[in-house]
Amino acid sequence: MANKKITKKTKLSEILKVKPEVAGILFEAGMGCCGCPMAMSETLEQGCKAHGFSDKEIDELIKK
């Protein structure tokens, strides 16, 4: 994943394992559950949708 692009389909656990600094961005966006075992099996899109993010908001989060 080090060279792999983060997408909506990337699992939260995979993102945080390779780029732990992303946790701050997720917390800032209101996703305080990224340490939750259940959430760690979700994709970025699934986690965002569970928190009411629109597709546009998810795209903006990915850019960060």
# chains A, B, ... in the order shown; residues from 1 in each chain; ligands from 1
$ residues_around --residues "A:Leu16" --least-positions-apart "6" --cutoff "9 Å" --atoms "only C-alpha atoms" --output "list in words"
Val22, Ala23 and Cys34 of chain A
$ residues_around --residues "A:Leu61" --least-positions-apart "3" --cutoff "10 Å" --atoms "only C-alpha atoms" --output "list of chain:residue names"
A:Lys8, A:Ile25, A:Leu26, A:Ala29, A:Leu44, A:Cys48, A:Phe53, A:Asp55, A:Lys56, A:Glu57, A:Ile58, A:Lys64
$ select_by_dssp --residues "chain A" --states "helix (DSSP H, G or I)" --output "PyMOL selection string"
chain A and resi 12-18+22-28+39-41+44-50+55-63
$ closest_residue --among "A:Val18, A:Ile6, A:Leu12, A:Ile62" --to "A:Pro37" --atoms "only C-alpha atoms"
A:Leu12
$ atom_distance --atom1 "atom CA of A:Lys49" --atom2 "atom CA of A:Lys5"
19.9 Å
